[in-house]
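Undergrad: Quick one: structure below, then a few questions.
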Amino acid sequence: MTPTLSRTRVATAGIALALLAAVALPQALPAAAAPRAAAPAADVTAEAEDGTLDGVTVGAAEPGYSGTGYVEGFDSEADSVRIPLPDTPAGLYSLTVRYRSPYGDKHTGLEVNGTGLGDLVLPGGTAFGDADAGRVLLKDTGNVVTVHSGWGYYQIDSLTVRPVPDRPAHQLGGVPVDPQATPEARSLLSYLSDHYGTDTLSGQQDTTNIEWLERNVGKAPAVAGLDMMDYSPSRVEHGAASSEVEHALDWDRRGGMTTFVWHWNAPSHLIDQPGKEWWRGFYTDASTFDVAAALADPQSEDHRLLLRDIDAISAQLARLQDAGVPVLWRPLHEAEGGWFWWGAKGAGPAKELYRLMYERMTVHNGLHNLIWVWNSVDPAWYPGDDVVDVVSADSYPQAGDHGPVSGTYERLVSLTGDTKPAALTEVGPVPDPELMRAYRSDWSWFVTWGGDFLTDGVSNPVDFLKKVYDDPHVITLDSLGDFKHHS
């Protein structure tokens, strides 16, 4: 995420969240006390064509649907269908959407009883299939699921809810994938593992935004989000400079935890024209750099430049290693979105580049202070358990949607068999800690993006931020403790 991207991303995200309406929750609901549904005899399915249509129609031309048809015609922002669910015992359920998306990957917005569920990805396909929409809290009667158009141009066949069984204990190993990880890095991951499922670490992108939090909320986050962007050689060549490593060193002296992302300006082939300026070089549309071709030819100049750039960032990370600072390292973020050049050629090159970076940084450059954070959800993009310590996602629903991002969390848990922590590495609106506990969305940490997301009073009102930062299960800087010497 970058400031120039933020509003575009929000416009395609989910719908606004009111307060939790389906089931009243006690204050500070502990993780183990999430509501449970009494198991019905079978899954409960509702047909979309039985719902209330707004700007959409019922179709039956495509084979493979259930019931008497499906709902189609999602081609404008206001289009929706309200689908009543059969009565169920009150409690926590999983929600599956049966759909068809013949024009590629789409996004839709879901709402349950007036509560936004955020953005649901509908992977493209010409046959009807299922999408896991995560968890929902249902009442005994009168439950309604609303499907909003989102990106549109898909078909909705039916919805199925099934009771959620008790989640077994997380199976975290707590040992870094780098066998030579520094004691500080090992301790950091052990700290995360021990708190996982009970507490969530608060985080904020950029030091100026942290200062705003301290002034307006009265507390500092546990995690500072920083960016290696302006250390990219193709930006340095244009005069860019950065003090982010100095900021990380200062933050470490305060006892805080640090995570770094890298908006990696393409190593070469910057278009550098109005609207596609050199400083936008991490975007796919601002460079003609072909990552697949560069990786395919190790003797090419572009391959050499890939290694040059990785080495340049390694030099900055080495400064932190020398100072005993472990880093939650999140390279190649949001790869599956395709809007950054490292994901523009698909999953194969993105995974190959990630593994090349891991090998180059750990083996060739001797960096062992890194906890490796992968930042895509689709299993086809996952580079492998042997090079990933933490799985993560970025979430930008509309302002006011403080939902638990349950569907994304469940997909990340499935991605690794619940063997690695899952984190919300960028958020617009912060998820409500009570909802996270109710839905058992056990996010390890969140990092709020800066600018309007923090300060506009709409995405995250100050009173809500105070509630988050005062929650007994949200770790802030003053309650973080010595994570570098954790036992």
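Note on naming: chains are A, B, ... as they come in the structure tokens, residues start from 1 per chain, ligands start from 1 in the order shown.
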Could you list, with a cut-off of 7 Å and counting only C-alpha atoms, the residues of segment 126-226 of chain A near segment 363-387 of chain A, each shown with its nearest atom pair and the distance in Å rounded to one decimal, rows sorted by chain and ascending number, as CSV?
TA:
residue,atom,partner,partner_atom,distance
A:Pro176,CA,A:Ile371,CA,6.8
A:Val177,CA,A:Asp386,CA,5.8
A:Asp178,CA,A:His368,CA,6.9
A:Gln180,CA,A:His368,CA,6.1
A:Ala181,CA,A:His368,CA,4.5
A:Thr182,CA,A:Asn369,CA,5.4
A:Ala185,CA,A:Asn369,CA,5.3
Undergrad: Which residues, written as an MDAnalysis selection string, have at least one atom at most 10 Å from His195 of chain A, with only C-alpha atoms counted and residues fewer than 3 positions away on the same chain left out?
TA: chainID A and resid 190:192 198:201 421 442 444 473 475
Undergrad: Out of segment 197-229 of chain A, which residues get alpha helix (DSSP H) from DSSP, as a PyMOL selection string?
TA: chain A and resi 207-216
Undergrad: When you count only C-alpha atoms, which of these residues is closest to Asp432 of chain A: A:Ser242, A:Ser202, A:Ser149, A:Thr362?
TA: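 Of all the options, A:Ser202 lies closest to Asp432 of chain A.
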Undergrad: Considering only C-alpha atoms, give me a table of residues in segment 319-419 of chain A that are at most 8 Å from segment 96-118 of chain A, with the closest atom pair and distance in Å for each, as JSON lines.
TA:
{"residue": "A:Pro397", "atom": "CA", "partner": "A:Gly118", "partner_atom": "CA", "distance": 5.5}
{"residue": "A:Gln398", "atom": "CA", "partner": "A:Gly118", "partner_atom": "CA", "distance": 7.9}
{"residue": "A:Asp401", "atom": "CA", "partner": "A:Gly116", "partner_atom": "CA", "distance": 6.4}
{"residue": "A:Gly403", "atom": "CA", "partner": "A:Leu117", "partner_atom": "CA", "distance": 6.2}
{"residue": "A:Pro404", "atom": "CA", "partner": "A:Leu117", "partner_atom": "CA", "distance": 7.9}
{"residue": "A:Val405", "atom": "CA", "partner": "A:Gly118", "partner_atom": "CA", "distance": 6.8}
{"residue": "A:Ser406", "atom": "CA", "partner": "A:Leu117", "partner_atom": "CA", "distance": 7.8}
Undergrad: Using N, CA, C and O atoms, can you write the selected residues to a file as a PDB file, in the first residue's frame?
TA:
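Result file out.pdb:
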ATOM      1  N   PRO A 397     -11.124  -2.478   3.928  1.00  0.00           N
ATOM      2  CA  PRO A 397     -12.562  -2.263   3.740  1.00  0.00           C
ATOM      3  C   PRO A 397     -12.894  -0.788   3.843  1.00  0.00           C
ATOM      4  O   PRO A 397     -12.030   0.039   4.148  1.00  0.00           O
ATOM      5  N   GLN A 398     -14.156  -0.457   3.613  1.00  0.00           N
ATOM      6  CA  GLN A 398     -14.543   0.947   3.652  1.00  0.00           C
ATOM      7  C   GLN A 398     -14.480   1.488   5.070  1.00  0.00           C
ATOM      8  O   GLN A 398     -14.478   0.747   6.050  1.00  0.00           O
ATOM      9  N   ASP A 401     -15.722  -0.005   8.739  1.00  0.00           N
ATOM     10  CA  ASP A 401     -15.823  -1.468   8.779  1.00  0.00           C
ATOM     11  C   ASP A 401     -14.729  -2.011   9.687  1.00  0.00           C
ATOM     12  O   ASP A 401     -13.578  -2.166   9.277  1.00  0.00           O
ATOM     13  N   GLY A 403     -14.757  -4.976  11.112  1.00  0.00           N
ATOM     14  CA  GLY A 403     -14.950  -6.413  11.208  1.00  0.00           C
ATOM     15  C   GLY A 403     -13.643  -7.163  11.414  1.00  0.00           C
ATOM     16  O   GLY A 403     -12.551  -6.611  11.261  1.00  0.00           O
ATOM     17  N   PRO A 404     -13.727  -8.455  11.757  1.00  0.00           N
ATOM     18  CA  PRO A 404     -12.541  -9.228  12.144  1.00  0.00           C
ATOM     19  C   PRO A 404     -11.741  -9.783  10.977  1.00  0.00           C
ATOM     20  O   PRO A 404     -10.763 -10.474  11.196  1.00  0.00           O
ATOM     21  N   VAL A 405     -12.160  -9.503   9.736  1.00  0.00           N
ATOM     22  CA  VAL A 405     -11.480 -10.015   8.539  1.00  0.00           C
ATOM     23  C   VAL A 405     -11.383 -11.548   8.646  1.00  0.00           C
ATOM     24  O   VAL A 405     -10.340 -12.157   8.433  1.00  0.00           O
ATOM     25  N   SER A 406     -12.505 -12.135   8.977  1.00  0.00           N
ATOM     26  CA  SER A 406     -12.568 -13.548   9.317  1.00  0.00           C
ATOM     27  C   SER A 406     -12.267 -14.455   8.130  1.00  0.00           C
ATOM     28  O   SER A 406     -11.530 -15.436   8.262  1.00  0.00           O
TER      29      SER A 406
END
Undergrad: Please list as a ChimeraX atom specification every residue within 8 Å of segment 86-88 of chain A, counting only C-alpha atoms and excluding residues in the same chain fewer than 6 positions away.
TA: /A:40,44-46,138-143
Undergrad: Generate a file of the selected residues that holds N, CA and C atoms, formatted as a compact mmCIF listing (two decimals), in the first residue's frame.
TA:
# COMPACT_ATOMS: atom_id res chain seq x y z
N PRO A 40 -26.95 -28.20 13.86
CA PRO A 40 -28.15 -28.73 13.23
C PRO A 40 -27.85 -30.08 12.60
N VAL A 44 -27.08 -25.80 6.29
CA VAL A 44 -28.27 -25.04 5.91
C VAL A 44 -27.94 -24.21 4.69
N THR A 45 -28.74 -24.37 3.63
CA THR A 45 -28.49 -23.67 2.36
C THR A 45 -29.68 -22.79 2.00
N ALA A 46 -29.37 -21.60 1.50
CA ALA A 46 -30.39 -20.67 1.01
C ALA A 46 -30.08 -20.35 -0.45
N LEU A 138 -24.85 -15.56 13.93
CA LEU A 138 -26.25 -15.59 13.55
C LEU A 138 -27.15 -15.60 14.77
N LYS A 139 -28.36 -15.04 14.59
CA LYS A 139 -29.42 -15.10 15.59
C LYS A 139 -30.23 -16.38 15.38
N ASP A 140 -31.18 -16.61 16.28
CA ASP A 140 -32.05 -17.78 16.12
C ASP A 140 -32.92 -17.68 14.88
N THR A 141 -33.29 -16.47 14.52
CA THR A 141 -34.23 -16.29 13.42
C THR A 141 -34.02 -14.93 12.79
N GLY A 142 -34.49 -14.78 11.55
CA GLY A 142 -34.47 -13.48 10.89
C GLY A 142 -33.13 -13.07 10.32
N ASN A 143 -32.22 -14.03 10.07
CA ASN A 143 -30.91 -13.69 9.52
C ASN A 143 -31.00 -13.44 8.01
Undergrad: Within 8 Å of Trp262 of chain A, counting only C-alpha atoms, which residues show up once you throw out same-chain ones fewer than 3 positions away? Write them as a compact mmCIF listing (two decimals) with all heavy atoms, in the first residue's frame, please.
TA:
# COMPACT_ATOMS: atom_id res chain seq x y z
N ASP A 227 9.60 1.39 5.85
CA ASP A 227 9.65 1.04 4.44
C ASP A 227 11.07 1.24 3.90
O ASP A 227 11.68 2.29 4.11
CB ASP A 227 8.68 1.93 3.66
CG ASP A 227 8.34 1.41 2.27
OD1 ASP A 227 9.13 0.64 1.70
OD2 ASP A 227 7.27 1.79 1.75
N MET A 228 11.58 0.24 3.20
CA MET A 228 12.89 0.32 2.54
C MET A 228 12.82 1.02 1.18
O MET A 228 13.82 1.05 0.45
CB MET A 228 13.46 -1.09 2.36
CG MET A 228 13.96 -1.73 3.64
SD MET A 228 15.50 -0.97 4.19
CE MET A 228 15.77 -1.83 5.76
N MET A 229 11.69 1.59 0.85
CA MET A 229 11.44 2.12 -0.50
C MET A 229 12.57 3.01 -1.02
O MET A 229 13.10 2.79 -2.13
CB MET A 229 10.13 2.90 -0.50
CG MET A 229 9.76 3.54 -1.82
SD MET A 229 8.09 4.25 -1.79
CE MET A 229 8.29 5.57 -0.58
N ARG A 330 8.90 -8.16 5.37
CA ARG A 330 7.76 -8.45 4.50
C ARG A 330 8.04 -7.99 3.07
O ARG A 330 7.56 -6.95 2.62
CB ARG A 330 6.51 -7.75 5.06
CG ARG A 330 5.23 -8.06 4.29
CD ARG A 330 4.01 -7.53 5.03
NE ARG A 330 3.99 -6.08 5.12
CZ ARG A 330 3.19 -5.28 4.40
NH1 ARG A 330 2.38 -5.79 3.50
NH2 ARG A 330 3.23 -3.97 4.57
N PRO A 331 8.82 -8.74 2.32
CA PRO A 331 9.10 -8.35 0.94
C PRO A 331 8.01 -8.84 -0.02
O PRO A 331 7.22 -9.73 0.31
CB PRO A 331 10.42 -9.07 0.66
CG PRO A 331 10.31 -10.33 1.47
CD PRO A 331 9.55 -9.95 2.73
N LEU A 332 7.99 -8.26 -1.22
CA LEU A 332 7.09 -8.67 -2.31
C LEU A 332 5.65 -8.68 -1.85
O LEU A 332 4.87 -9.59 -2.18
CB LEU A 332 7.49 -10.05 -2.85
CG LEU A 332 8.97 -10.24 -3.25
CD1 LEU A 332 9.15 -11.56 -3.97
CD2 LEU A 332 9.49 -9.08 -4.09
N HIS A 333 5.24 -7.66 -1.12
CA HIS A 333 3.90 -7.64 -0.55
C HIS A 333 2.84 -7.50 -1.64
O HIS A 333 3.07 -6.97 -2.71
CB HIS A 333 3.78 -6.52 0.48
CG HIS A 333 3.87 -5.13 -0.08
ND1 HIS A 333 5.00 -4.63 -0.68
CD2 HIS A 333 2.96 -4.13 -0.12
CE1 HIS A 333 4.80 -3.39 -1.06
NE2 HIS A 333 3.55 -3.06 -0.75
Undergrad: Tell me which of A:His263, A:His303, A:Arg186, A:Arg411 sits closest to Phe282 of chain A, counting only C-alpha atoms.
TA: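 Ranking A:His263, A:His303, A:Arg186, A:Arg411 by distance to Phe282 of chain A, first place goes to A:His263.
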Undergrad: So how many Å separate atom CA of Gln299 of chain A and atom CA of Lys276 of chain A, to one decimal?
TA: 28.6 Å
